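Novice: Provided herewith is a single structure, encoded as structure tokens, for subsequent inquiry.
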Amino acid sequence: MSDLLLFSTDAYAPLRDALLGEGRVRGTLARTDFPDGERMFRIAEDVEEREVVLFGGTTDDAATLELYDVASGLVAGGARKLTLVVPYFGYSTMERATRPGEIVTAKIRARLLSSIPPASYGNRLLLLDLHSEGIPHYFEGEITAAHLYAKDIVRRAAREFGGEDFVMACTDAGRAKWVESLANDLGVTAAFVFKRRMSGSATEVMAASARVEGRAVVIYDDMIRTGGSLVQAAQAYRDAGAERMIAIATHALLPEGALEKIERSGLFEYVVVTDSHPRARQLESEFLRVESIAPVFDPHF
């Protein structure tokens, strides 16, 4: 039996199904939810000596445990090789301690996934557009972590909006390296904004680094959470004379009210994100355009 078995957690079934095809078979999990919140899983196929792929994200604690439980069960069932596809790695902004006593949650989550028992041919982990380049080094033991990039999706969306001449921008200097790389690939100008921290929770945008007057501006960030930094940066570009803007992000977390706040600002023609986080498909609209990340992972298994 050489067919690759593709399993998924609940939230990532659409991504799993998008990657089914010749030589790839849907793996089935039976799930039972109990009134006290506990959940039981049963692997419906014989996975012994099979190569398996499991799609799931650490979008919250329950999803993380679901991923961990199912992965451990697949190895216990005799899977020969296990590939974990984790399009969104939660807590990636908590990758280092900035104050005494802070817990580096990204490292703890990496240790948790590293403790999944190894399949006989090893465990592999595919991650996407991480907030910090160092996170793959947090994984240890018998798991190999690879960091993939959604650059092709970002470049295509930026070119579709901006044409041949636009400014590739970011929300702060922390993303400047990524945006500069994208701008170089596209042959356009890069820009970022200067910020001043007013308090532990508030910042003030001071100025933009490049001339944007009368030009289209594409703002890229790896993730949109509440949209506060995005709107603040966009306002700075608008104040500097930007004619039209869109935002592009890989991960769209967008808790309740966040997308409405971004749209209500009136600063953007639309926002482009990927479906790396399940929330994106739930909110998809004419304003929030969602691109599939399936092509990014397709060549890797």
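Simple scheme: letters A, B, ... for chains in structure tokens order, numbers from 1 for residues in each chain, numbers from 1 for ligands in the order shown.
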Skipping near chain neighbours, those fewer than 4 positions away, what residues fall within 10 Å of range 96-102 of chain A using only C-alpha atoms, listed as an MDAnalysis selection string?
Specialist: chainID A and resid 92 106:107 132 134:135
Novice: Keeping all heavy atoms for every residue in the selection just given, could you write it to a file as a PDB file, in the first residue's frame?
Specialist:
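Saved to out.pdb:
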```pdb
ATOM      1  N   SER A  92       3.505  32.373  18.325  1.00  0.00           N
ATOM      2  CA  SER A  92       4.796  32.641  17.676  1.00  0.00           C
ATOM      3  C   SER A  92       5.341  34.024  18.026  1.00  0.00           C
ATOM      4  O   SER A  92       6.539  34.286  17.847  1.00  0.00           O
ATOM      5  CB  SER A  92       4.667  32.504  16.160  1.00  0.00           C
ATOM      6  OG  SER A  92       3.772  33.464  15.632  1.00  0.00           O
ATOM      7  N   ALA A 106       6.170  29.961  22.823  1.00  0.00           N
ATOM      8  CA  ALA A 106       6.501  29.344  21.538  1.00  0.00           C
ATOM      9  C   ALA A 106       7.463  28.178  21.728  1.00  0.00           C
ATOM     10  O   ALA A 106       7.333  27.133  21.079  1.00  0.00           O
ATOM     11  CB  ALA A 106       7.109  30.385  20.599  1.00  0.00           C
ATOM     12  N   LYS A 107       8.414  28.336  22.615  1.00  0.00           N
ATOM     13  CA  LYS A 107       9.391  27.265  22.863  1.00  0.00           C
ATOM     14  C   LYS A 107       8.728  26.079  23.560  1.00  0.00           C
ATOM     15  O   LYS A 107       9.022  24.917  23.255  1.00  0.00           O
ATOM     16  CB  LYS A 107      10.543  27.803  23.713  1.00  0.00           C
ATOM     17  CG  LYS A 107      11.726  26.848  23.808  1.00  0.00           C
ATOM     18  CD  LYS A 107      12.932  27.559  24.398  1.00  0.00           C
ATOM     19  CE  LYS A 107      14.176  26.685  24.292  1.00  0.00           C
ATOM     20  NZ  LYS A 107      15.382  27.390  24.772  1.00  0.00           N
ATOM     21  N   SER A 132       8.979  34.638  13.831  1.00  0.00           N
ATOM     22  CA  SER A 132      10.407  34.689  14.146  1.00  0.00           C
ATOM     23  C   SER A 132      11.129  33.554  13.433  1.00  0.00           C
ATOM     24  O   SER A 132      10.698  32.396  13.499  1.00  0.00           O
ATOM     25  CB  SER A 132      10.621  34.569  15.659  1.00  0.00           C
ATOM     26  OG  SER A 132      11.997  34.406  15.962  1.00  0.00           O
ATOM     27  N   GLY A 134      13.766  32.137  14.210  1.00  0.00           N
ATOM     28  CA  GLY A 134      14.444  31.206  15.098  1.00  0.00           C
ATOM     29  C   GLY A 134      13.582  30.079  15.634  1.00  0.00           C
ATOM     30  O   GLY A 134      14.098  29.122  16.226  1.00  0.00           O
ATOM     31  N   ILE A 135      12.266  30.160  15.441  1.00  0.00           N
ATOM     32  CA  ILE A 135      11.364  29.176  16.041  1.00  0.00           C
ATOM     33  C   ILE A 135      11.662  27.733  15.628  1.00  0.00           C
ATOM     34  O   ILE A 135      11.599  26.829  16.469  1.00  0.00           O
ATOM     35  CB  ILE A 135       9.893  29.563  15.770  1.00  0.00           C
ATOM     36  CG1 ILE A 135       9.517  30.778  16.640  1.00  0.00           C
ATOM     37  CG2 ILE A 135       8.944  28.403  16.047  1.00  0.00           C
ATOM     38  CD1 ILE A 135       8.131  31.332  16.389  1.00  0.00           C
TER      39      ILE A 135
END
```
Novice: Residues within 9 Å of Glu164 in chain A, please, as a PDB file with N, CA and C atoms, in the first residue's frame. Count only C-alpha atoms; anything in the same chain fewer than 5 positions from it doesn't count.
Specialist:
```
ATOM      1  N   ARG A 159       1.205  42.403  -7.018  1.00  0.00           N
ATOM      2  CA  ARG A 159       1.307  42.806  -8.423  1.00  0.00           C
ATOM      3  C   ARG A 159      -0.078  43.017  -9.030  1.00  0.00           C
ATOM      4  N   LEU A 186      10.089  42.122  -6.450  1.00  0.00           N
ATOM      5  CA  LEU A 186       9.108  42.747  -7.334  1.00  0.00           C
ATOM      6  C   LEU A 186       9.674  43.941  -8.091  1.00  0.00           C
ATOM      7  N   GLY A 187      10.868  44.389  -7.689  1.00  0.00           N
ATOM      8  CA  GLY A 187      11.472  45.538  -8.334  1.00  0.00           C
ATOM      9  C   GLY A 187      10.774  46.852  -8.027  1.00  0.00           C
ATOM     10  N   VAL A 188      10.293  46.994  -6.781  1.00  0.00           N
ATOM     11  CA  VAL A 188       9.586  48.214  -6.377  1.00  0.00           C
ATOM     12  C   VAL A 188      10.247  48.796  -5.129  1.00  0.00           C
TER      13      VAL A 188
END
```
Novice: Give me the residues within 10 Å of Arg281 in chain A as a list in words, counting only C-alpha atoms and dropping any in the same chain fewer than 4 places off.
Specialist: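 Counting only the stated atoms, we get Pro14, Ala252, Val273, Thr274, Asp275, Ser276, His277, Ser285, Leu288, Arg289, Val290, Glu291 and Ser292 of chain A.
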Novice: Counting only C-alpha atoms, which of A:Asp129, A:Asp172, A:Glu48, A:Glu180 gets nearest to Ile153 in chain A?
Specialist: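 Nearest candidate to Ile153 in chain A out of A:Asp129, A:Asp172, A:Glu48, A:Glu180: A:Asp129.
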Novice: Just the residues within 10 Å of Thr32 in chain A, please, counting only C-alpha atoms, with nothing from its chain fewer than 4 positions along; format it as a JSON list (two decimals) with all heavy atoms, in the first residue's frame.
Specialist:
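Contents of part.json, freshly written:
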```
[["chain", "number", "residue", "atom", "x", "y", "z"],
["A", 38, "GLU", "N", -14.38, 16.36, 27.25],
["A", 38, "GLU", "CA", -13.36, 15.43, 26.77],
["A", 38, "GLU", "C", -13.72, 14.93, 25.38],
["A", 38, "GLU", "O", -14.89, 14.94, 24.97],
["A", 38, "GLU", "CB", -13.21, 14.26, 27.75],
["A", 38, "GLU", "CG", -12.59, 14.67, 29.07],
["A", 38, "GLU", "CD", -12.29, 13.48, 29.97],
["A", 38, "GLU", "OE1", -12.58, 12.33, 29.57],
["A", 38, "GLU", "OE2", -11.75, 13.70, 31.07],
["A", 39, "ARG", "N", -12.74, 14.48, 24.66],
["A", 39, "ARG", "CA", -12.93, 14.02, 23.28],
["A", 39, "ARG", "C", -12.17, 12.72, 23.07],
["A", 39, "ARG", "O", -11.04, 12.57, 23.54],
["A", 39, "ARG", "CB", -12.45, 15.10, 22.31],
["A", 39, "ARG", "CG", -12.51, 14.72, 20.85],
["A", 39, "ARG", "CD", -12.04, 15.85, 19.97],
["A", 39, "ARG", "NE", -13.05, 16.87, 19.81],
["A", 39, "ARG", "CZ", -12.89, 17.97, 19.08],
["A", 39, "ARG", "NH1", -11.74, 18.20, 18.48],
["A", 39, "ARG", "NH2", -13.85, 18.85, 18.97],
["A", 40, "MET", "N", -12.80, 11.80, 22.34],
["A", 40, "MET", "CA", -12.15, 10.53, 22.01],
["A", 40, "MET", "C", -11.98, 10.45, 20.50],
["A", 40, "MET", "O", -12.88, 10.82, 19.74],
["A", 40, "MET", "CB", -12.99, 9.35, 22.49],
["A", 40, "MET", "CG", -12.36, 7.99, 22.20],
["A", 40, "MET", "SD", -13.41, 6.60, 22.74],
["A", 40, "MET", "CE", -14.70, 6.67, 21.49],
["A", 41, "PHE", "N", -10.81, 9.97, 20.07],
["A", 41, "PHE", "CA", -10.53, 9.79, 18.66],
["A", 41, "PHE", "C", -10.30, 8.30, 18.37],
["A", 41, "PHE", "O", -9.77, 7.57, 19.20],
["A", 41, "PHE", "CB", -9.25, 10.54, 18.25],
["A", 41, "PHE", "CG", -9.32, 12.03, 18.49],
["A", 41, "PHE", "CD1", -8.74, 12.59, 19.61],
["A", 41, "PHE", "CD2", -9.97, 12.85, 17.58],
["A", 41, "PHE", "CE1", -8.79, 13.94, 19.83],
["A", 41, "PHE", "CE2", -10.03, 14.21, 17.80],
["A", 41, "PHE", "CZ", -9.44, 14.76, 18.92],
["A", 42, "ARG", "N", -10.68, 7.90, 17.16],
["A", 42, "ARG", "CA", -10.35, 6.56, 16.69],
["A", 42, "ARG", "C", -9.91, 6.66, 15.24],
["A", 42, "ARG", "O", -10.59, 7.26, 14.41],
["A", 42, "ARG", "CB", -11.55, 5.62, 16.79],
["A", 42, "ARG", "CG", -11.22, 4.16, 16.40],
["A", 42, "ARG", "CD", -12.42, 3.25, 16.59],
["A", 42, "ARG", "NE", -13.50, 3.60, 15.69],
["A", 42, "ARG", "CZ", -13.58, 3.20, 14.40],
["A", 42, "ARG", "NH1", -12.62, 2.44, 13.88],
["A", 42, "ARG", "NH2", -14.59, 3.57, 13.65]]
```
Novice: Determine, counting only C-alpha atoms, which protein, DNA and RNA residues have an atom within 8 Å of an atom of Val25 in chain A; residues of the same chain fewer than 4 positions away are not included. Present the result as a ChimeraX atom specification.
Specialist: /A:3-6,20-21
Novice: Given the selection you just returned, output its residues as a file containing C-alpha atoms, formatted as a compact mmCIF listing (two decimals), in the first residue's frame.
Specialist:
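Output saved as out_6.txt:
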```
# COMPACT_ATOMS: atom_id res chain seq x y z
CA ASP A 3 -0.79 5.64 -1.15
CA LEU A 4 -0.14 8.53 1.19
CA LEU A 5 -2.78 8.87 3.92
CA LEU A 6 -3.86 12.46 4.66
CA LEU A 20 -6.04 15.03 -2.09
CA GLY A 21 -5.30 13.55 -5.48
```
Novice: List every residue of range 42-262 of chain A that DSSP, applied to the backbone of this structure, assigns to alpha helix (DSSP H), and report them as a PyMOL selection string.
Specialist: chain A and resi 61-76+105-114+151-162+176-186+228-239+258-262
Novice: Output as a ChimeraX atom specification all residues of range 170-279 of chain A that backbone DSSP marks as strand (DSSP E or B).
Specialist: /A:170,189-191,193-197,203-208,216-224,244-252,271-274
Novice: Rank A:Asp221, A:Glu269, A:Glu263, A:Glu140 by their smallest atom-to-atom distance to Glu243 in chain A, using only C-alpha atoms, and report the top residue only.
Specialist: A:Glu269
Novice: Name the closest residue to Tyr68 in chain A among the candidates A:Gly37, A:Pro87, A:Pro117, A:Gly214; distances are taken between atoms, counting only C-alpha atoms.
Specialist: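 Distance minimum relative to Tyr68 in chain A lands on A:Pro117.
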Novice: Excluding range 147-152 of chain A and any residue of its chain fewer than 2 positions from it, enumerate the residues within 7 Å of it, using only C-alpha atoms, and give them as a PyMOL selection string.
Specialist: chain A and resi 126-129+136+145+154-156+296
Novice: Quick check, in Å to one decimal: how far apart do CA of Met94 in chain A and CA of Glu133 in chain A lie?
Specialist: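 Separation of CA of Met94 in chain A and CA of Glu133 in chain A: 12.7 Å.
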Novice: Report as a ChimeraX atom specification all protein, DNA and RNA residues lying within 12 Å of Tyr270 in chain A, evaluated on only C-alpha atoms, omitting residues in the same chain fewer than 5 positions from it.
Specialist: /A:157-158,161,217-219,244-249,259-260,262-265,284-290
Novice: Looking at A:Gly122, A:Gly174, A:Gly27, A:Pro255, which one is nearest to Asp222 in chain A, with distances taken over only C-alpha atoms?
Specialist: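 Between A:Gly122, A:Gly174, A:Gly27, A:Pro255, the residue approaching Asp222 in chain A most closely is A:Gly174.
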Novice: CA of Gly141 in chain A and CA of Thr9 in chain A, how far apart in Å?
Specialist: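 CA of Gly141 in chain A lies 23.8 Å from CA of Thr9 in chain A.
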Novice: Could you tell me which of A:Ala190, A:Ile143, A:Leu74, A:Ala13 comes closest to Ala294 in chain A if we count only C-alpha atoms?
Specialist: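 Checking each of A:Ala190, A:Ile143, A:Leu74, A:Ala13 against Ala294 in chain A, counting only C-alpha atoms, the winner is A:Ala13.
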